[in-house]
Every structure is written in structure tokens, then in C-alpha cells.
$ cat my_file_34.cif   # mmCIF, C-alpha atoms
data_target
#
loop_
_atom_site.label_atom_id
_atom_site.label_comp_id
_atom_site.auth_asym_id
_atom_site.auth_seq_id
_atom_site.Cartn_x
_atom_site.Cartn_y
_atom_site.Cartn_z
CA MET A 1 41.30 8.18 -5.26
CA ALA A 2 37.86 7.88 -6.83
CA GLY A 3 35.87 10.95 -7.81
CA ILE A 4 32.56 11.88 -6.21
CA LEU A 5 30.61 10.79 -9.27
CA SER A 6 32.16 7.30 -9.35
CA ILE A 7 31.65 6.89 -5.60
CA ALA A 8 27.99 7.85 -5.96
CA GLN A 9 27.61 5.51 -8.94
CA SER A 10 29.00 2.58 -6.98
CA GLY A 11 26.53 3.38 -4.19
CA LEU A 12 23.68 3.47 -6.71
CA GLN A 13 24.68 0.05 -8.03
CA VAL A 14 24.87 -1.52 -4.57
CA GLU A 15 21.53 -0.09 -3.44
CA SER A 16 19.91 -1.19 -6.70
CA LEU A 17 21.26 -4.69 -6.07
CA ARG A 18 19.99 -4.55 -2.47
CA LEU A 19 16.48 -3.65 -3.70
CA ALA A 20 16.53 -6.43 -6.30
CA VAL A 21 17.66 -9.06 -3.80
CA SER A 22 15.05 -7.98 -1.26
CA ALA A 23 12.31 -8.01 -3.93
CA ASN A 24 13.38 -11.54 -4.88
CA ASP A 25 13.20 -12.58 -1.22
CA VAL A 26 9.66 -11.21 -0.91
CA ALA A 27 8.54 -12.74 -4.22
CA ASN A 28 9.76 -16.17 -3.09
CA ALA A 29 8.64 -15.92 0.54
CA GLN A 30 6.02 -18.64 0.09
CA THR A 31 8.37 -20.97 -1.79
CA ASP A 32 9.34 -23.98 0.29
CA GLY A 33 13.08 -24.44 0.47
CA PHE A 34 13.88 -20.92 -0.74
CA GLN A 35 16.93 -19.43 0.96
CA PRO A 36 16.65 -15.64 1.51
CA ALA A 37 19.70 -13.61 0.55
CA GLN A 38 21.31 -10.34 1.56
CA VAL A 39 23.77 -7.90 0.05
CA ILE A 40 27.10 -7.45 1.78
CA ALA A 41 28.67 -4.07 1.00
CA THR A 42 32.42 -3.60 1.25
CA ALA A 43 34.39 -0.39 0.91
CA ARG A 44 36.71 -0.01 -2.06
CA PRO A 45 40.21 1.23 -1.41
CA GLY A 46 40.25 4.86 -2.47
CA GLY A 47 36.48 5.33 -2.30
CA GLY A 48 33.29 3.68 -3.36
CA VAL A 49 31.62 0.43 -2.46
CA ASP A 50 31.16 -3.07 -3.90
CA GLY A 51 28.23 -5.37 -3.18
CA ALA A 52 28.02 -9.14 -3.10
CA VAL A 53 25.00 -11.39 -2.63
CA ALA A 54 25.22 -13.91 0.21
CA PRO A 55 22.73 -16.16 2.00
CA ALA A 56 20.90 -14.29 4.74
CA SER A 57 22.13 -15.21 8.17
CA ASP A 58 19.78 -14.65 11.06
CA PRO A 59 20.63 -16.33 14.37
CA VAL A 60 17.14 -15.85 15.81
CA ALA A 61 15.20 -16.95 12.71
CA ALA A 62 14.33 -20.30 14.26
CA ALA A 63 12.82 -18.59 17.31
CA ARG A 64 10.73 -16.25 15.15
CA ALA A 65 9.68 -19.14 12.90
CA ASP A 66 8.25 -20.88 15.95
CA ARG A 67 6.05 -17.84 16.55
CA ALA A 68 4.95 -17.79 12.87
CA VAL A 69 6.56 -14.40 12.23
CA LEU A 70 8.46 -15.68 9.20
CA ALA A 71 7.16 -16.89 5.86
CA PRO A 72 7.54 -20.63 5.04
CA SER A 73 10.90 -19.94 3.38
CA ARG A 74 12.11 -18.26 6.59
CA THR A 75 11.98 -14.89 4.86
CA ASP A 76 11.41 -12.17 7.44
CA LEU A 77 8.95 -9.92 5.61
CA ALA A 78 9.15 -7.13 8.19
CA ARG A 79 12.93 -7.09 7.83
CA GLU A 80 12.57 -7.00 4.04
CA VAL A 81 10.35 -3.91 4.26
CA VAL A 82 12.98 -2.17 6.38
CA THR A 83 15.73 -3.26 3.98
CA GLN A 84 13.80 -1.89 1.01
CA LEU A 85 13.16 1.45 2.74
CA GLN A 86 16.81 1.78 3.74
CA ALA A 87 17.99 0.88 0.23
CA ALA A 88 15.57 3.35 -1.37
CA ASN A 89 16.75 6.15 0.92
CA ALA A 90 20.42 5.33 0.35
CA TYR A 91 19.76 5.23 -3.41
CA ARG A 92 18.20 8.71 -3.26
CA ALA A 93 21.15 10.02 -1.25
CA ASN A 94 23.66 8.64 -3.75
CA LEU A 95 21.62 10.04 -6.63
CA GLU A 96 21.62 13.47 -5.02
CA SER A 97 25.39 13.24 -4.54
CA ALA A 98 25.79 12.45 -8.23
CA ARG A 99 23.53 15.36 -9.20
CA THR A 100 25.40 17.75 -6.92
CA SER A 101 28.74 16.63 -8.35
CA SER A 102 27.44 17.20 -11.86
CA ASP A 103 26.07 20.64 -10.93
CA VAL A 104 29.36 21.69 -9.33
CA PHE A 105 31.29 20.53 -12.40
CA ALA A 106 28.93 22.44 -14.71
CA THR A 107 29.29 25.58 -12.59
CA LEU A 108 33.08 25.33 -12.65
CA LEU A 109 33.05 24.93 -16.43
CA SER A 110 30.81 27.97 -16.86
CA LEU A 111 33.10 30.06 -14.63
CA LYS A 112 36.15 29.05 -16.63
CA ALA A 113 34.52 29.91 -19.97
#
$ encode --input "my_file_34.cif" --output "C-alpha cells"
Amino acid sequence: MAGILSIAQSGLQVESLRLAVSANDVANAQTDGFQPAQVIATARPGGGVDGAVAPASDPVAAARADRAVLAPSRTDLAREVVTQLQAANAYRANLESARTSSDVFATLLSLKA
């Protein structure tokens, strides 16, 4: 079983990857032929999470493209903003978990001394 700190660290890594992938999608939104990507998170046995980059799949992208909601590369900029906000909030939550774990460990060490 993974410790709280390693679980939080894996969450930090996945959310950092999610932000980087979304930023790349936005930066290339006007690039013809660019394929937006997404991060797929999977739970690790025993705790934590792993992330993998995969092509973005959006079954209604064609319908939104017809209404000019998407960029030329079919990047949904509104969805990217939401993804970035969610990733930033999840990153902060994992960071706070890591800080709390560190604080608890420091307190336990000071009590034992």
C-alpha cells in the first residue's frame, strides 16, 4: 500500500501532465491537422494514479465544428479552459495533501523526541 505522500505525488504528476497537454492543445488550436489530446488517469493498485496521453475523443465534435465553436484543429477551447481549471484545482488539492502528510510526520517526530 502506497503512503499518502506518494499518492499525492502521483496526483501532482498526473495533473501537471494534464495542464501541459491542455496548454499544448490551446497553443496548437489554429494549426491545421493538429489532433488534440487528453490525459487518461488510471488508479494504481495499492494507491496512487498513473496518467497516459491519448488522442481526444469527442463524439459531438463534428456537430460543434459545423457551428464554428471549435478551432480549425477541432480543439474545443471552452473545454480546454474547464480542463485547465479542474487540473489546477486537483493539483492544489494534491499539494495540500502532501503538505498535510509532511506536517503530520513532523509532528509525530517531534512528539517522539
$ closest_residue --input "my_file_34.cif" --among "A:Ala71, A:Ala27, A:Ala90, A:Val82" --to "Gln13 (chain A)" --atoms "only C-alpha atoms"
A:Ala90
$ residues_around --input "my_file_34.cif" --residues "region 36-38 of chain A" --least-positions-apart "5" --cutoff "8 Å" --atoms "only C-alpha atoms" --output "list in words"
Arg18, Val21, Ser22, Asp25, Val53, Ala54, Pro55, Ala56, Ser73, Arg74 and Thr75 of chain A
$ residues_near_point --input "my_file_34.cif" --point "(42.7, 5.3, -2.7)" --cutoff "12 Å" --atoms "only C-alpha atoms" --output "CSV table (one decimal) with C-alpha atoms, keeping the file's coordinate frame"
chain,number,residue,atom,x,y,z
A,1,MET,CA,41.3,8.2,-5.3
A,2,ALA,CA,37.9,7.9,-6.8
A,3,GLY,CA,35.9,11.0,-7.8
A,7,ILE,CA,31.6,6.9,-5.6
A,43,ALA,CA,34.4,-0.4,0.9
A,44,ARG,CA,36.7,0.0,-2.1
A,45,PRO,CA,40.2,1.2,-1.4
A,46,GLY,CA,40.2,4.9,-2.5
A,47,GLY,CA,36.5,5.3,-2.3
A,48,GLY,CA,33.3,3.7,-3.4
$ atom_distance --input "my_file_34.cif" --atom1 "CA of Gln35 (chain A)" --atom2 "CA of Gly51 (chain A)"
18.5 Å
$ resolve_selection --input "my_file_34.cif" --expression "the PyMOL selection byres ((chain A and resi 9) around 10)" --output "count of residues only"
19
$ atom_distance --input "my_file_34.cif" --atom1 "CA of Leu19 (chain A)" --atom2 "CA of Pro72 (chain A)"
21.1 Å
$ atom_distance --input "my_file_34.cif" --atom1 "CA of Leu85 (chain A)" --atom2 "CA of Ala29 (chain A)"
18.1 Å
$ closest_residue --input "my_file_34.cif" --among "A:Ala52, A:Val39, A:Gly33, A:Asn28" --to "Gln84 (chain A)" --atoms "all atoms listed in the file"
A:Val39
$ closest_residue --input "my_file_34.cif" --among "A:Val26, A:Thr100, A:Leu17, A:Leu108" --to "Asp50 (chain A)" --atoms "all atoms listed in the file"
A:Leu17
$ decode --input "my_file_34.cif" --residues "region 66-111 of chain A" --atoms "N, CA and C atoms" --output "mmCIF file, in the first residue's frame"
data_model
loop_
_atom_site.group_PDB
_atom_site.id
_atom_site.type_symbol
_atom_site.label_atom_id
_atom_site.label_comp_id
_atom_site.auth_asym_id
_atom_site.auth_seq_id
_atom_site.Cartn_x
_atom_site.Cartn_y
_atom_site.Cartn_z
ATOM 1 N N ASP A 66 -19.440 22.370 -37.056
ATOM 2 C CA ASP A 66 -20.360 22.967 -38.017
ATOM 3 C C ASP A 66 -20.884 24.312 -37.530
ATOM 4 N N ARG A 67 -20.938 24.489 -36.231
ATOM 5 C CA ARG A 67 -21.428 25.759 -35.677
ATOM 6 C C ARG A 67 -20.268 26.693 -35.339
ATOM 7 N N ALA A 68 -19.061 26.363 -35.778
ATOM 8 C CA ALA A 68 -17.871 27.190 -35.585
ATOM 9 C C ALA A 68 -17.540 27.414 -34.114
ATOM 10 N N VAL A 69 -17.811 26.419 -33.273
ATOM 11 C CA VAL A 69 -17.473 26.506 -31.860
ATOM 12 C C VAL A 69 -16.034 26.040 -31.630
ATOM 13 N N LEU A 70 -15.537 25.210 -32.519
ATOM 14 C CA LEU A 70 -14.198 24.655 -32.368
ATOM 15 C C LEU A 70 -13.202 25.420 -33.220
ATOM 16 N N ALA A 71 -11.937 25.362 -32.797
ATOM 17 C CA ALA A 71 -10.853 25.938 -33.580
ATOM 18 C C ALA A 71 -10.622 25.063 -34.821
ATOM 19 N N PRO A 72 -9.847 25.547 -35.801
ATOM 20 C CA PRO A 72 -9.610 24.753 -37.023
ATOM 21 C C PRO A 72 -9.085 23.343 -36.761
ATOM 22 N N SER A 73 -8.345 23.153 -35.679
ATOM 23 C CA SER A 73 -7.799 21.827 -35.386
ATOM 24 C C SER A 73 -8.811 20.937 -34.669
ATOM 25 N N ARG A 74 -10.009 21.433 -34.486
ATOM 26 C CA ARG A 74 -11.077 20.757 -33.733
ATOM 27 C C ARG A 74 -10.793 20.749 -32.234
ATOM 28 N N THR A 75 -9.963 21.676 -31.797
ATOM 29 C CA THR A 75 -9.722 21.853 -30.370
ATOM 30 C C THR A 75 -10.876 22.660 -29.791
ATOM 31 N N ASP A 76 -11.505 22.129 -28.784
ATOM 32 C CA ASP A 76 -12.606 22.810 -28.103
ATOM 33 C C ASP A 76 -12.003 23.699 -27.018
ATOM 34 N N LEU A 77 -11.886 24.990 -27.306
ATOM 35 C CA LEU A 77 -11.208 25.901 -26.388
ATOM 36 C C LEU A 77 -11.964 26.062 -25.072
ATOM 37 N N ALA A 78 -13.278 26.030 -25.109
ATOM 38 C CA ALA A 78 -14.050 26.121 -23.858
ATOM 39 C C ALA A 78 -13.776 24.902 -22.985
ATOM 40 N N ARG A 79 -13.720 23.745 -23.605
ATOM 41 C CA ARG A 79 -13.426 22.512 -22.858
ATOM 42 C C ARG A 79 -12.007 22.552 -22.285
ATOM 43 N N GLU A 80 -11.077 23.138 -23.022
ATOM 44 C CA GLU A 80 -9.699 23.247 -22.539
ATOM 45 C C GLU A 80 -9.611 24.162 -21.318
ATOM 46 N N VAL A 81 -10.396 25.233 -21.301
ATOM 47 C CA VAL A 81 -10.406 26.113 -20.125
ATOM 48 C C VAL A 81 -10.902 25.345 -18.902
ATOM 49 N N VAL A 82 -11.962 24.587 -19.073
ATOM 50 C CA VAL A 82 -12.505 23.786 -17.972
ATOM 51 C C VAL A 82 -11.482 22.744 -17.525
ATOM 52 N N THR A 83 -10.834 22.092 -18.472
ATOM 53 C CA THR A 83 -9.804 21.093 -18.145
ATOM 54 C C THR A 83 -8.678 21.718 -17.339
ATOM 55 N N GLN A 84 -8.239 22.910 -17.755
ATOM 56 C CA GLN A 84 -7.151 23.573 -17.043
ATOM 57 C C GLN A 84 -7.561 23.976 -15.636
ATOM 58 N N LEU A 85 -8.785 24.456 -15.471
ATOM 59 C CA LEU A 85 -9.259 24.817 -14.129
ATOM 60 C C LEU A 85 -9.367 23.592 -13.232
ATOM 61 N N GLN A 86 -9.906 22.509 -13.775
ATOM 62 C CA GLN A 86 -10.023 21.277 -12.996
ATOM 63 C C GLN A 86 -8.644 20.740 -12.612
ATOM 64 N N ALA A 87 -7.710 20.756 -13.551
ATOM 65 C CA ALA A 87 -6.366 20.255 -13.272
ATOM 66 C C ALA A 87 -5.669 21.122 -12.227
ATOM 67 N N ALA A 88 -5.834 22.434 -12.329
ATOM 68 C CA ALA A 88 -5.211 23.337 -11.347
ATOM 69 C C ALA A 88 -5.773 23.102 -9.952
ATOM 70 N N ASN A 89 -7.074 22.910 -9.852
ATOM 71 C CA ASN A 89 -7.690 22.649 -8.545
ATOM 72 C C ASN A 89 -7.269 21.292 -7.986
ATOM 73 N N ALA A 90 -7.212 20.283 -8.833
ATOM 74 C CA ALA A 90 -6.773 18.959 -8.381
ATOM 75 C C ALA A 90 -5.299 18.999 -7.971
ATOM 76 N N TYR A 91 -4.488 19.783 -8.681
ATOM 77 C CA TYR A 91 -3.082 19.937 -8.325
ATOM 78 C C TYR A 91 -2.964 20.551 -6.934
ATOM 79 N N ARG A 92 -3.737 21.617 -6.693
ATOM 80 C CA ARG A 92 -3.711 22.263 -5.369
ATOM 81 C C ARG A 92 -4.143 21.295 -4.270
ATOM 82 N N ALA A 93 -5.159 20.496 -4.533
ATOM 83 C CA ALA A 93 -5.635 19.533 -3.537
ATOM 84 C C ALA A 93 -4.561 18.490 -3.228
ATOM 85 N N ASN A 94 -3.893 17.983 -4.258
ATOM 86 C CA ASN A 94 -2.821 17.011 -4.038
ATOM 87 C C ASN A 94 -1.645 17.647 -3.310
ATOM 88 N N LEU A 95 -1.345 18.891 -3.631
ATOM 89 C CA LEU A 95 -0.260 19.593 -2.948
ATOM 90 C C LEU A 95 -0.583 19.774 -1.471
ATOM 91 N N GLU A 96 -1.822 20.097 -1.178
ATOM 92 C CA GLU A 96 -2.228 20.258 0.225
ATOM 93 C C GLU A 96 -2.170 18.923 0.963
ATOM 94 N N SER A 97 -2.527 17.843 0.287
ATOM 95 C CA SER A 97 -2.406 16.513 0.895
ATOM 96 C C SER A 97 -0.950 16.194 1.218
ATOM 97 N N ALA A 98 -0.048 16.530 0.301
ATOM 98 C CA ALA A 98 1.373 16.292 0.544
ATOM 99 C C ALA A 98 1.874 17.136 1.712
ATOM 100 N N ARG A 99 1.459 18.392 1.763
ATOM 101 C CA ARG A 99 1.863 19.265 2.872
ATOM 102 C C ARG A 99 1.327 18.750 4.204
ATOM 103 N N THR A 100 0.085 18.326 4.224
ATOM 104 C CA THR A 100 -0.517 17.811 5.450
ATOM 105 C C THR A 100 0.207 16.549 5.900
ATOM 106 N N SER A 101 0.520 15.664 4.979
ATOM 107 C CA SER A 101 1.261 14.452 5.314
ATOM 108 C C SER A 101 2.613 14.796 5.916
ATOM 109 N N SER A 102 3.284 15.755 5.327
ATOM 110 C CA SER A 102 4.586 16.184 5.840
ATOM 111 C C SER A 102 4.462 16.795 7.235
ATOM 112 N N ASP A 103 3.425 17.611 7.436
ATOM 113 C CA ASP A 103 3.198 18.237 8.751
ATOM 114 C C ASP A 103 2.903 17.196 9.825
ATOM 115 N N VAL A 104 2.075 16.218 9.480
ATOM 116 C CA VAL A 104 1.744 15.159 10.441
ATOM 117 C C VAL A 104 2.994 14.369 10.802
ATOM 118 N N PHE A 105 3.805 14.043 9.809
ATOM 119 C CA PHE A 105 5.044 13.309 10.055
ATOM 120 C C PHE A 105 5.982 14.111 10.949
ATOM 121 N N ALA A 106 6.099 15.404 10.683
ATOM 122 C CA ALA A 106 6.971 16.271 11.511
ATOM 123 C C ALA A 106 6.453 16.347 12.946
ATOM 124 N N THR A 107 5.154 16.425 13.115
ATOM 125 C CA THR A 107 4.564 16.466 14.452
ATOM 126 C C THR A 107 4.829 15.158 15.199
ATOM 127 N N LEU A 108 4.657 14.044 14.521
ATOM 128 C CA LEU A 108 4.922 12.755 15.154
ATOM 129 C C LEU A 108 6.377 12.616 15.557
ATOM 130 N N LEU A 109 7.288 13.101 14.732
ATOM 131 C CA LEU A 109 8.702 13.050 15.081
ATOM 132 C C LEU A 109 9.016 13.923 16.283
ATOM 133 N N SER A 110 8.387 15.090 16.356
ATOM 134 C CA SER A 110 8.651 15.980 17.496
ATOM 135 C C SER A 110 8.065 15.405 18.792
ATOM 136 N N LEU A 111 6.966 14.670 18.691
ATOM 137 C CA LEU A 111 6.385 14.052 19.887
ATOM 138 C C LEU A 111 7.248 12.904 20.388
#
